[in-house]
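J.: Contents of final_13.cif (mmCIF, C-alpha atoms (C1' of nucleotides)):
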```
data_protein
loop_
_atom_site.group_PDB
_atom_site.id
_atom_site.type_symbol
_atom_site.label_atom_id
_atom_site.label_comp_id
_atom_site.auth_asym_id
_atom_site.auth_seq_id
_atom_site.Cartn_x
_atom_site.Cartn_y
_atom_site.Cartn_z
ATOM 1 C CA MET A 1 -7.328 -88.320 79.950
ATOM 2 C CA PRO A 2 -9.558 -85.470 80.210
ATOM 3 C CA GLU A 3 -11.403 -83.438 77.699
ATOM 4 C CA LEU A 4 -14.068 -80.866 78.428
ATOM 5 C CA PRO A 5 -16.726 -83.280 79.775
ATOM 6 C CA GLU A 6 -14.267 -84.957 82.151
ATOM 7 C CA VAL A 7 -12.946 -81.627 83.408
ATOM 8 C CA GLU A 8 -16.474 -80.331 83.877
ATOM 9 C CA THR A 9 -17.361 -83.501 85.787
ATOM 10 C CA VAL A 10 -14.379 -82.899 88.059
ATOM 11 C CA ARG A 11 -15.342 -79.251 88.519
ATOM 12 C CA ARG A 12 -18.854 -80.206 89.566
ATOM 13 C CA GLY A 13 -17.455 -82.698 92.029
ATOM 14 C CA LEU A 14 -14.991 -80.287 93.575
ATOM 15 C CA ALA A 15 -17.168 -77.183 93.713
ATOM 16 C CA PRO A 16 -19.249 -78.223 96.748
ATOM 17 C CA VAL A 17 -16.178 -78.831 98.917
ATOM 18 C CA MET A 18 -14.013 -76.025 97.560
ATOM 19 C CA GLN A 19 -16.261 -73.046 96.967
ATOM 20 C CA GLY A 20 -16.505 -70.985 100.106
ATOM 21 C CA ALA A 21 -13.918 -73.145 101.836
ATOM 22 C CA ARG A 22 -10.399 -72.230 102.939
ATOM 23 C CA PHE A 23 -7.153 -74.084 102.330
ATOM 24 C CA THR A 24 -6.128 -75.071 105.854
ATOM 25 C CA LYS A 25 -3.084 -77.029 104.703
ATOM 26 C CA VAL A 26 -1.511 -77.792 101.349
ATOM 27 C CA GLU A 27 0.947 -80.628 100.766
ATOM 28 C CA ALA A 28 3.075 -80.557 97.637
ATOM 29 C CA HIS A 29 4.641 -83.999 97.579
ATOM 30 C CA ARG A 30 6.058 -83.590 94.126
ATOM 31 C CA GLY A 31 6.523 -80.254 92.473
ATOM 32 C CA ASP A 32 7.871 -81.561 89.176
ATOM 33 C CA LEU A 33 4.663 -81.619 87.198
ATOM 34 C CA ARG A 34 4.489 -80.486 83.568
ATOM 35 C CA TRP A 35 6.068 -77.307 84.862
ATOM 36 C CA PRO A 36 7.579 -77.056 88.326
ATOM 37 C CA LEU A 37 5.335 -75.734 91.058
ATOM 38 C CA PRO A 38 6.591 -72.478 92.550
ATOM 39 C CA LYS A 39 8.545 -72.981 95.776
ATOM 40 C CA ASP A 40 6.019 -70.989 97.781
ATOM 41 C CA PHE A 41 3.031 -72.794 96.262
ATOM 42 C CA ALA A 42 1.655 -74.125 99.549
ATOM 43 C CA GLN A 43 2.180 -70.884 101.447
ATOM 44 C CA ARG A 44 0.383 -68.876 98.811
ATOM 45 C CA LEU A 45 -2.658 -71.127 99.076
ATOM 46 C CA GLU A 46 -2.855 -71.750 102.812
ATOM 47 C CA GLY A 47 -5.285 -69.396 104.501
ATOM 48 C CA GLN A 48 -6.915 -68.372 101.221
ATOM 49 C CA SER A 49 -10.485 -69.280 100.452
ATOM 50 C CA VAL A 50 -11.930 -70.305 97.127
ATOM 51 C CA GLU A 51 -14.521 -67.839 95.977
ATOM 52 C CA LYS A 52 -15.445 -69.706 92.849
ATOM 53 C CA LEU A 53 -14.340 -72.805 90.980
ATOM 54 C CA GLY A 54 -14.750 -72.306 87.260
ATOM 55 C CA ARG A 55 -13.608 -73.923 84.066
ATOM 56 C CA ARG A 56 -12.196 -72.614 80.815
ATOM 57 C CA ALA A 57 -11.597 -75.220 78.116
ATOM 58 C CA LYS A 58 -9.760 -78.035 79.924
ATOM 59 C CA TYR A 59 -8.508 -75.772 82.709
ATOM 60 C CA LEU A 60 -9.978 -75.529 86.189
ATOM 61 C CA LEU A 61 -9.796 -72.010 87.613
ATOM 62 C CA ALA A 62 -10.118 -71.387 91.340
ATOM 63 C CA ASP A 63 -10.620 -67.720 92.209
ATOM 64 C CA LEU A 64 -8.918 -67.065 95.529
ATOM 65 C CA SER A 65 -9.572 -64.451 98.197
ATOM 66 C CA SER A 66 -5.939 -63.312 97.779
ATOM 67 C CA GLY A 67 -6.733 -62.000 94.313
ATOM 68 C CA GLU A 68 -4.840 -64.832 92.700
ATOM 69 C CA VAL A 69 -6.253 -67.579 90.518
ATOM 70 C CA LEU A 70 -5.181 -71.194 90.817
ATOM 71 C CA ILE A 71 -5.023 -72.681 87.323
ATOM 72 C CA MET A 72 -5.119 -76.473 87.178
ATOM 73 C CA HIS A 73 -4.836 -78.835 84.227
ATOM 74 C CA LEU A 74 -5.158 -82.614 84.348
ATOM 75 C CA GLY A 75 -2.847 -83.389 81.452
ATOM 76 C CA MET A 76 -3.344 -86.949 80.211
ATOM 77 C CA SER A 77 -3.624 -88.825 83.480
ATOM 78 C CA GLY A 78 -4.611 -86.383 86.217
ATOM 79 C CA SER A 79 -7.536 -86.878 88.587
ATOM 80 C CA PHE A 80 -8.867 -85.417 91.807
ATOM 81 C CA ARG A 81 -10.230 -87.488 94.647
ATOM 82 C CA ILE A 82 -12.141 -86.177 97.622
ATOM 83 C CA ALA A 83 -11.846 -87.892 100.986
ATOM 84 C CA GLN A 84 -14.196 -86.904 103.770
ATOM 85 C CA PRO A 85 -13.169 -86.895 107.414
ATOM 86 C CA GLN A 86 -14.418 -89.665 109.677
ATOM 87 C CA GLY A 87 -17.765 -88.711 111.122
ATOM 88 C CA VAL A 88 -19.480 -87.501 108.000
ATOM 89 C CA GLN A 89 -19.355 -90.868 106.363
ATOM 90 C CA THR A 90 -21.355 -91.410 103.268
ATOM 91 C CA PRO A 91 -21.570 -94.864 101.709
ATOM 92 C CA GLY A 92 -19.217 -95.420 98.824
ATOM 93 C CA ARG A 93 -16.786 -92.684 99.808
ATOM 94 C CA TYR A 94 -13.103 -92.918 100.561
ATOM 95 C CA TYR A 95 -11.988 -91.898 104.026
ATOM 96 C CA TYR A 96 -8.903 -90.724 105.777
ATOM 97 C CA GLY A 97 -6.827 -93.658 106.842
ATOM 98 C CA GLN A 98 -8.593 -95.999 104.532
ATOM 99 C CA SER A 99 -6.289 -94.935 101.723
ATOM 100 C CA SER A 100 -4.021 -92.300 103.207
ATOM 101 C CA HIS A 101 -2.140 -91.086 100.197
ATOM 102 C CA SER A 102 -0.886 -93.116 97.349
ATOM 103 C CA LEU A 103 2.046 -93.107 95.010
ATOM 104 C CA HIS A 104 0.993 -90.410 92.569
ATOM 105 C CA ASP A 105 -0.864 -88.061 94.895
ATOM 106 C CA HIS A 106 1.405 -85.124 94.107
ATOM 107 C CA VAL A 107 -0.652 -82.345 95.684
ATOM 108 C CA VAL A 108 -3.110 -82.578 98.565
ATOM 109 C CA PHE A 109 -5.479 -79.806 99.629
ATOM 110 C CA HIS A 110 -6.955 -79.840 103.119
ATOM 111 C CA MET A 111 -10.033 -77.641 103.115
ATOM 112 C CA SER A 112 -11.924 -75.985 105.935
ATOM 113 C CA SER A 113 -14.966 -77.854 104.646
ATOM 114 C CA GLY A 114 -13.278 -80.938 106.084
ATOM 115 C CA ALA A 115 -12.572 -82.427 102.687
ATOM 116 C CA ARG A 116 -9.156 -83.685 101.745
ATOM 117 C CA ILE A 117 -8.617 -83.298 98.006
ATOM 118 C CA SER A 118 -5.825 -85.267 96.369
ATOM 119 C CA PHE A 119 -4.447 -84.536 92.934
ATOM 120 C CA ASN A 120 -3.187 -87.787 91.457
ATOM 121 C CA ASP A 121 -1.268 -87.775 88.191
ATOM 122 C CA PRO A 122 0.907 -90.774 87.243
ATOM 123 C CA ARG A 123 2.361 -89.247 84.108
ATOM 124 C CA ARG A 124 2.810 -85.771 85.601
ATOM 125 C CA LEU A 125 1.741 -84.022 82.414
ATOM 126 C CA GLY A 126 -0.756 -82.030 84.438
ATOM 127 C CA MET A 127 0.022 -78.632 85.917
ATOM 128 C CA MET A 128 -0.873 -76.090 88.564
ATOM 129 C CA LYS A 129 -0.069 -72.425 88.371
ATOM 130 C CA LEU A 130 -0.894 -69.323 90.388
ATOM 131 C CA VAL A 131 -1.472 -66.044 88.601
ATOM 132 C CA ARG A 132 -2.849 -62.688 89.651
ATOM 133 C CA GLN A 133 -6.491 -62.219 88.702
ATOM 134 C CA ALA A 134 -5.564 -59.017 86.907
ATOM 135 C CA ASP A 135 -3.145 -60.967 84.726
ATOM 136 C CA LEU A 136 -5.617 -63.668 83.764
ATOM 137 C CA ALA A 137 -6.601 -62.019 80.490
ATOM 138 C CA SER A 138 -2.987 -61.963 79.348
ATOM 139 C CA GLU A 139 -2.149 -65.427 80.694
ATOM 140 C CA PRO A 140 -0.417 -67.289 77.834
ATOM 141 C CA LEU A 141 -2.146 -70.577 78.643
ATOM 142 C CA LEU A 142 -5.583 -69.044 78.231
ATOM 143 C CA ARG A 143 -5.129 -66.088 75.945
ATOM 144 C CA ALA A 144 -5.350 -67.850 72.603
ATOM 145 C CA LEU A 145 -8.200 -70.217 73.477
ATOM 146 C CA GLY A 146 -11.145 -70.257 71.113
ATOM 147 C CA PRO A 147 -14.828 -70.149 72.080
ATOM 148 C CA GLU A 148 -16.365 -72.429 74.707
ATOM 149 C CA PRO A 149 -18.348 -74.944 72.681
ATOM 150 C CA LEU A 150 -21.309 -74.988 75.053
ATOM 151 C CA ASP A 151 -21.679 -71.217 75.140
ATOM 152 C CA ARG A 152 -24.370 -69.534 73.082
ATOM 153 C CA GLU A 153 -21.670 -67.554 71.339
ATOM 154 C CA PHE A 154 -20.363 -70.744 69.794
ATOM 155 C CA ASN A 155 -22.425 -71.196 66.659
ATOM 156 C CA SER A 156 -21.934 -72.123 63.034
ATOM 157 C CA THR A 157 -21.209 -68.540 62.013
ATOM 158 C CA VAL A 158 -18.310 -68.358 64.443
ATOM 159 C CA LEU A 159 -16.972 -71.809 63.605
ATOM 160 C CA ALA A 160 -17.185 -71.225 59.863
ATOM 161 C CA HIS A 161 -15.369 -67.947 60.215
ATOM 162 C CA LEU A 162 -12.545 -69.606 62.164
ATOM 163 C CA CYS A 163 -12.256 -72.404 59.595
ATOM 164 C CA ARG A 164 -12.437 -70.162 56.589
ATOM 165 C CA GLY A 165 -9.646 -70.821 54.132
ATOM 166 C CA LYS A 166 -8.033 -73.486 56.329
ATOM 167 C CA ARG A 167 -6.613 -76.288 54.240
ATOM 168 C CA THR A 168 -5.930 -78.400 57.304
ATOM 169 C CA SER A 169 -8.259 -81.323 58.054
ATOM 170 C CA LEU A 170 -11.446 -80.957 60.045
ATOM 171 C CA LYS A 171 -9.976 -83.352 62.592
ATOM 172 C CA ALA A 172 -6.937 -81.154 63.127
ATOM 173 C CA ALA A 173 -8.992 -77.969 63.153
ATOM 174 C CA LEU A 174 -11.393 -79.219 65.825
ATOM 175 C CA SER A 175 -8.481 -80.476 67.905
ATOM 176 C CA ASP A 176 -6.949 -76.997 67.783
ATOM 177 C CA GLN A 177 -7.836 -75.243 71.049
ATOM 178 C CA ARG A 178 -7.657 -71.867 69.299
ATOM 179 C CA ILE A 179 -10.613 -72.780 67.087
ATOM 180 C CA VAL A 180 -12.801 -74.412 69.693
ATOM 181 C CA ALA A 181 -11.665 -74.943 73.250
ATOM 182 C CA GLY A 182 -12.127 -78.201 75.093
ATOM 183 C CA LEU A 183 -12.420 -80.917 72.489
ATOM 184 C CA GLY A 184 -9.822 -83.682 72.389
ATOM 185 C CA ASN A 185 -9.259 -86.846 70.455
ATOM 186 C CA ILE A 186 -12.373 -88.690 71.610
ATOM 187 C CA TYR A 187 -14.974 -85.985 71.234
ATOM 188 C CA VAL A 188 -13.641 -84.726 67.920
ATOM 189 C CA CYS A 189 -14.078 -88.227 66.506
ATOM 190 C CA GLU A 190 -17.495 -88.609 68.080
ATOM 191 C CA ALA A 191 -18.748 -85.210 66.916
ATOM 192 C CA LEU A 192 -17.604 -85.787 63.349
ATOM 193 C CA HIS A 193 -19.421 -89.105 63.231
ATOM 194 C CA ARG A 194 -22.609 -87.539 64.550
ATOM 195 C CA ALA A 195 -22.311 -84.795 61.944
ATOM 196 C CA ARG A 196 -21.590 -87.373 59.222
ATOM 197 C CA LEU A 197 -18.470 -85.481 58.229
ATOM 198 C CA SER A 198 -15.183 -87.081 57.275
ATOM 199 C CA PRO A 199 -12.268 -86.191 59.542
ATOM 200 C CA ARG A 200 -10.168 -85.828 56.379
ATOM 201 C CA ARG A 201 -12.343 -83.148 54.859
ATOM 202 C CA PRO A 202 -10.642 -79.755 54.667
ATOM 203 C CA ALA A 203 -11.723 -77.460 57.485
ATOM 204 C CA SER A 204 -12.532 -74.771 54.942
ATOM 205 C CA SER A 205 -15.319 -76.925 53.527
ATOM 206 C CA ILE A 206 -17.707 -75.999 56.322
ATOM 207 C CA ALA A 207 -17.672 -72.400 55.111
ATOM 208 C CA THR A 208 -18.482 -70.649 51.896
ATOM 209 C CA ARG A 209 -15.664 -68.798 50.227
ATOM 210 C CA SER A 210 -16.713 -65.635 52.001
ATOM 211 C CA GLY A 211 -16.628 -67.417 55.336
ATOM 212 C CA ARG A 212 -20.347 -67.935 55.853
ATOM 213 C CA PRO A 213 -21.489 -71.203 57.437
ATOM 214 C CA ASN A 214 -22.966 -73.884 55.220
ATOM 215 C CA GLN A 215 -25.182 -76.785 56.228
ATOM 216 C CA ARG A 216 -22.165 -78.806 57.269
ATOM 217 C CA ALA A 217 -21.198 -76.142 59.767
ATOM 218 C CA ASP A 218 -24.687 -76.245 61.274
ATOM 219 C CA MET A 219 -24.559 -80.031 61.556
ATOM 220 C CA LEU A 220 -21.128 -79.915 63.121
ATOM 221 C CA VAL A 221 -21.968 -77.338 65.758
ATOM 222 C CA ASP A 222 -25.088 -79.250 66.732
ATOM 223 C CA ALA A 223 -23.083 -82.478 66.930
ATOM 224 C CA ILE A 224 -20.367 -80.925 69.092
ATOM 225 C CA LYS A 225 -22.843 -79.475 71.552
ATOM 226 C CA ALA A 226 -24.894 -82.670 71.675
ATOM 227 C CA VAL A 227 -21.994 -85.002 72.313
ATOM 228 C CA LEU A 228 -20.484 -82.763 74.987
ATOM 229 C CA ARG A 229 -23.806 -82.376 76.787
ATOM 230 C CA ALA A 230 -24.437 -86.099 76.711
ATOM 231 C CA ALA A 231 -20.934 -86.851 77.963
ATOM 232 C CA ILE A 232 -21.211 -84.387 80.864
ATOM 233 C CA GLU A 233 -24.565 -85.892 81.721
ATOM 234 C CA ALA A 234 -22.865 -89.311 81.888
ATOM 235 C CA GLY A 235 -20.051 -88.047 84.112
ATOM 236 C CA GLY A 236 -17.457 -88.169 81.345
ATOM 237 C CA SER A 237 -15.646 -91.131 79.814
ATOM 238 C CA SER A 238 -13.490 -93.463 81.907
ATOM 239 C CA LEU A 239 -10.840 -95.230 79.878
ATOM 240 C CA ARG A 240 -7.810 -95.344 82.144
ATOM 241 C CA ASN A 241 -7.560 -92.577 84.659
ATOM 242 C CA HIS A 242 -10.723 -90.555 84.649
ATOM 243 C CA ARG A 243 -12.800 -90.865 87.787
ATOM 244 C CA ARG A 244 -15.420 -88.679 89.339
ATOM 245 C CA THR A 245 -14.187 -87.008 92.508
ATOM 246 C CA ASP A 246 -15.941 -89.675 94.585
ATOM 247 C CA GLY A 247 -14.038 -92.379 92.735
ATOM 248 C CA ALA A 248 -16.952 -93.508 90.587
ATOM 249 C CA LEU A 249 -16.400 -94.209 86.921
ATOM 250 C CA GLY A 250 -17.839 -92.050 84.194
ATOM 251 C CA ASP A 251 -20.252 -93.794 81.875
ATOM 252 C CA PHE A 252 -19.880 -92.184 78.496
ATOM 253 C CA GLN A 253 -17.323 -94.688 77.155
ATOM 254 C CA HIS A 254 -20.268 -97.053 76.694
ATOM 255 C CA ASN A 255 -21.788 -94.575 74.283
ATOM 256 C CA PHE A 256 -18.839 -94.187 71.938
ATOM 257 C CA ARG A 257 -19.957 -94.602 68.354
ATOM 258 C CA VAL A 258 -16.497 -94.687 66.792
ATOM 259 C CA TYR A 259 -13.723 -94.038 69.310
ATOM 260 C CA ASP A 260 -11.574 -97.158 69.835
ATOM 261 C CA ARG A 261 -14.050 -99.219 67.812
ATOM 262 C CA ALA A 262 -11.919 -100.041 64.776
ATOM 263 C CA GLY A 263 -13.266 -103.061 62.904
ATOM 264 C CA LYS A 264 -16.680 -102.879 64.526
ATOM 265 C CA PRO A 265 -19.849 -102.103 62.604
ATOM 266 C CA CYS A 266 -20.934 -98.492 62.262
ATOM 267 C CA PRO A 267 -23.742 -97.904 64.752
ATOM 268 C CA ARG A 268 -25.670 -95.587 62.454
ATOM 269 C CA ARG A 269 -29.030 -96.976 61.430
ATOM 270 C CA ASN A 270 -28.961 -98.458 57.953
ATOM 271 C CA CYS A 271 -25.230 -97.878 57.573
ATOM 272 C CA ARG A 272 -23.303 -101.047 56.761
ATOM 273 C CA GLY A 273 -19.891 -99.493 57.173
ATOM 274 C CA THR A 274 -17.034 -100.649 59.387
ATOM 275 C CA ILE A 275 -15.224 -98.263 61.721
ATOM 276 C CA LYS A 276 -11.718 -97.528 60.550
ATOM 277 C CA ARG A 277 -8.659 -96.226 62.378
ATOM 278 C CA ILE A 278 -6.280 -93.855 60.648
ATOM 279 C CA VAL A 279 -3.543 -91.572 61.965
ATOM 280 C CA GLN A 280 -3.837 -87.817 61.559
ATOM 281 C CA THR A 281 -1.292 -85.392 62.955
ATOM 282 C CA GLY A 282 0.142 -88.216 64.978
ATOM 283 C CA ARG A 283 -3.097 -89.231 66.684
ATOM 284 C CA SER A 284 -5.584 -92.020 66.075
ATOM 285 C CA THR A 285 -8.752 -91.039 64.280
ATOM 286 C CA PHE A 286 -11.763 -93.349 64.230
ATOM 287 C CA PHE A 287 -14.529 -92.894 61.686
ATOM 288 C CA CYS A 288 -16.916 -94.637 59.330
ATOM 289 C CA PRO A 289 -15.710 -94.226 55.743
ATOM 290 C CA LEU A 290 -19.183 -95.054 54.458
ATOM 291 C CA CYS A 291 -21.443 -92.535 56.161
ATOM 292 C CA GLN A 292 -18.941 -89.803 56.977
ATOM 293 C CA ASN A 293 -18.229 -87.739 53.884
ATOM 294 C "C1'" DC B 294 1.135 -69.028 58.271
ATOM 295 C "C1'" DC B 295 1.159 -74.417 58.185
ATOM 296 C "C1'" DG B 296 2.013 -79.306 59.183
ATOM 297 C "C1'" DC B 297 4.901 -82.527 61.232
ATOM 298 C "C1'" DG B 298 7.710 -84.800 64.565
ATOM 299 C "C1'" DG B 299 9.774 -84.907 69.010
ATOM 300 C "C1'" DG B 300 9.486 -84.374 73.765
ATOM 301 C "C1'" DC B 301 7.563 -84.437 78.321
ATOM 302 C "C1'" DC B 302 6.131 -88.845 81.762
ATOM 303 C "C1'" DT B 303 4.273 -93.509 83.513
ATOM 304 C "C1'" DG B 304 1.705 -97.692 82.945
ATOM 305 C "C1'" DA B 305 -1.198 -101.068 80.564
ATOM 306 C "C1'" DG B 306 -1.452 -104.473 77.281
ATOM 307 C "C1'" DA B 307 0.134 -107.293 73.451
ATOM 308 C "C1'" DG B 308 3.406 -110.320 71.555
ATOM 309 C "C1'" DC B 309 7.266 -113.263 71.962
ATOM 310 C "C1'" DT C 310 7.358 -115.194 84.276
ATOM 311 C "C1'" DG C 311 9.596 -111.450 82.077
ATOM 312 C "C1'" DC C 312 11.238 -108.807 78.501
ATOM 313 C "C1'" DT C 313 10.350 -105.350 74.706
ATOM 314 C "C1'" DC C 314 7.486 -102.640 72.050
ATOM 315 C "C1'" DT C 315 3.556 -99.657 71.227
ATOM 316 C "C1'" DC C 316 0.199 -96.761 72.576
ATOM 317 C "C1'" DA C 317 -2.609 -93.553 75.602
ATOM 318 C "C1'" DG C 318 -7.846 -88.676 76.875
ATOM 319 C "C1'" DG C 319 -2.718 -83.003 76.209
ATOM 320 C "C1'" DC C 320 0.040 -79.552 74.816
ATOM 321 C "C1'" DC C 321 4.469 -76.978 73.856
ATOM 322 C "C1'" DC C 322 8.329 -76.167 70.855
ATOM 323 C "C1'" DG C 323 11.275 -76.084 66.941
ATOM 324 C "C1'" DC C 324 11.990 -77.381 62.244
ATOM 325 C "C1'" DG C 325 11.382 -76.966 57.315
#
```
For the file at hand, write its structure as structure tokens.
T.:
Amino acid sequence: MPELPEVETVRRGLAPVMQGARFTKVEAHRGDLRWPLPKDFAQRLEGQSVEKLGRRAKYLLADLSSGEVLIMHLGMSGSFRIAQPQGVQTPGRYYYGQSSHSLHDHVVFHMSSGARISFNDPRRLGMMKLVRQADLASEPLLRALGPEPLDREFNSTVLAHLCRGKRTSLKAALSDQRIVAGLGNIYVCEALHRARLSPRRPASSIATRSGRPNQRADMLVDAIKAVLRAAIEAGGSSLRNHRRTDGALGDFQHNFRVYDRAGKPCPRRNCRGTIKRIVQTGRSTFFCPLCQN
DNA sequence: CCGCGGGCCTGAGAGC
DNA sequence: TGCTCTCAGGCCCGCG
């Protein structure tokens, strides 16, 4: 499921009930996620409080009072749902007892804030891992990640430099977490359409031979930032599994310009093209062959 | 270094 | 109704 906007939506939902709260009880119903949970997973969390819930790329990072960091990834189908205890009922929320815990709720956090947080992941391609804070910089999952696209430091100079000399396609380059961290199949397609760039174009073509950004690089960076901001604003995109932590759907899927719109007219003003689906590096790419060059 | 394909999993939807 | 096939928002690994 989740790309940067979905993960950020989840982070914003979880932060109010996790930050400053303590794990009073942790249930690991299934430990065989993408990688097995450590045997002492629950014990290492129980009693610890969450000092901060952050995000890096598509990873959620909970800084714990123990000096460890809980790294969480939603894989393709992971989601978190918050249930509030009876007594602090808010309309539209799920409550204890109303849906106790369902088939794919593999991990459940009970927090001192009163919230019960369930991690649901049908395909079990998600993961959780505990590492020492001091080891975070050398953590293999995070070490090679490229810049955060919404940070100031992500600009056309940086992107052009990273794409310099790359003969691989723009689509593949933007999907590569080492070049820019957090984009996935949807937002790469959407950003390229907004930037009017063909997904088939060589990545190197956004840079001059010496690695300086050209106009295409400027367009692309603006498009990436714009689409991610808009998607976060909309609470992410709900196709199959993504939900906000209160169970509500995200809204951004209604704003897709190309993703999953093969055969439909290009939404760009005055463009008479038809959205096409092709396969690149084993994944569907959607684009308008007329206005994306 | 690079691209590609396979693998990890389950479930939804299409077609027969 | 039920079977089979394909595909899905991610990412790691090994091959050539």
J.: Define the interface residues of chain B facing chain A as those within 9 Å, counting only C-alpha atoms (C1' of nucleotides), and report them as a list in words.
T.: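 Taken together, these residues fit the definition: DC295, DG296, DC297, DG298, DC301, DC302, DT303, DG304 and DA305 of chain B.
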J.: Run through the PyMOL selection byres ((chain A) within 8 of (chain C)) on the given coordinates and return the selected residues as JSON, numbers by chain.
T.: {"A": [1, 2, 3, 75, 76, 77, 125, 184, 185, 186, 239]}
J.: Nearest to Leu141 of chain A among A:Ala217, A:Ala57, A:Val17, A:Ala191, with distances taken over all atoms listed in the file: which residue is it?
T.: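 The shortest atom-to-atom distance to Leu141 of chain A comes from A:Ala57.
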J.: Would you pick out the contacts of His242 of chain A at 10 Å or less, using all atoms listed in the file, so that residues sharing its chain but fewer than 3 positions from it are not included, and give the list as a list in words?
T.: Met1, Pro2, Glu3, Glu6, Val7, Thr9, Val10, Leu74, Met76, Ser77, Gly78, Ser79, Phe80, Gly235, Gly236, Ser237, Ser238, Leu239, Thr245, Gly247, Ala248, Leu249 and Gly250 of chain A; DG318 of chain C
J.: Taking C-alpha atoms (C1' of nucleotides) for each residue, export the selection above as a short mmCIF file (atom, residue, chain, number, x, y, z; two decimals), in the frame of the given file.
T.:
```cif
data_model
loop_
_atom_site.label_atom_id
_atom_site.label_comp_id
_atom_site.auth_asym_id
_atom_site.auth_seq_id
_atom_site.Cartn_x
_atom_site.Cartn_y
_atom_site.Cartn_z
CA MET A 1 -7.33 -88.32 79.95
CA PRO A 2 -9.56 -85.47 80.21
CA GLU A 3 -11.40 -83.44 77.70
CA GLU A 6 -14.27 -84.96 82.15
CA VAL A 7 -12.95 -81.63 83.41
CA THR A 9 -17.36 -83.50 85.79
CA VAL A 10 -14.38 -82.90 88.06
CA LEU A 74 -5.16 -82.61 84.35
CA MET A 76 -3.34 -86.95 80.21
CA SER A 77 -3.62 -88.82 83.48
CA GLY A 78 -4.61 -86.38 86.22
CA SER A 79 -7.54 -86.88 88.59
CA PHE A 80 -8.87 -85.42 91.81
CA GLY A 235 -20.05 -88.05 84.11
CA GLY A 236 -17.46 -88.17 81.34
CA SER A 237 -15.65 -91.13 79.81
CA SER A 238 -13.49 -93.46 81.91
CA LEU A 239 -10.84 -95.23 79.88
CA THR A 245 -14.19 -87.01 92.51
CA GLY A 247 -14.04 -92.38 92.74
CA ALA A 248 -16.95 -93.51 90.59
CA LEU A 249 -16.40 -94.21 86.92
CA GLY A 250 -17.84 -92.05 84.19
"C1'" DG C 318 -7.85 -88.68 76.88
#
```
J.: Could you please determine the separation between atom CA of Arg201 of chain A and atom CA of Val227 of chain A in Å, to one decimal place?
T.: 20.0 Å
J.: Interatomic distance between atom CA of Ala28 of chain A and atom CA of Ala181 of chain A?
T.: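 Atom CA of Ala181 of chain A lies 29.0 Å from atom CA of Ala28 of chain A.
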J.: Between atom CA of Phe287 of chain A and atom CA of Thr157 of chain A, what is the spacing in Å?
T.: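 Here the two named atoms are 25.3 Å from each other.
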J.: Enumerate, as a VMD selection string, the residues matched when the PyMOL selection byres ((chain A and resi 116) around 6) is run on the file above.
T.: chain A and resid 82 to 83 109 to 110 115 117
J.: Take the PyMOL selection byres ((chain A and resi 293) around 8), run it mentally on this structure, and tell me the resulting residues as a VMD selection string.
T.: chain A and resid 196 to 198 201 289 to 292
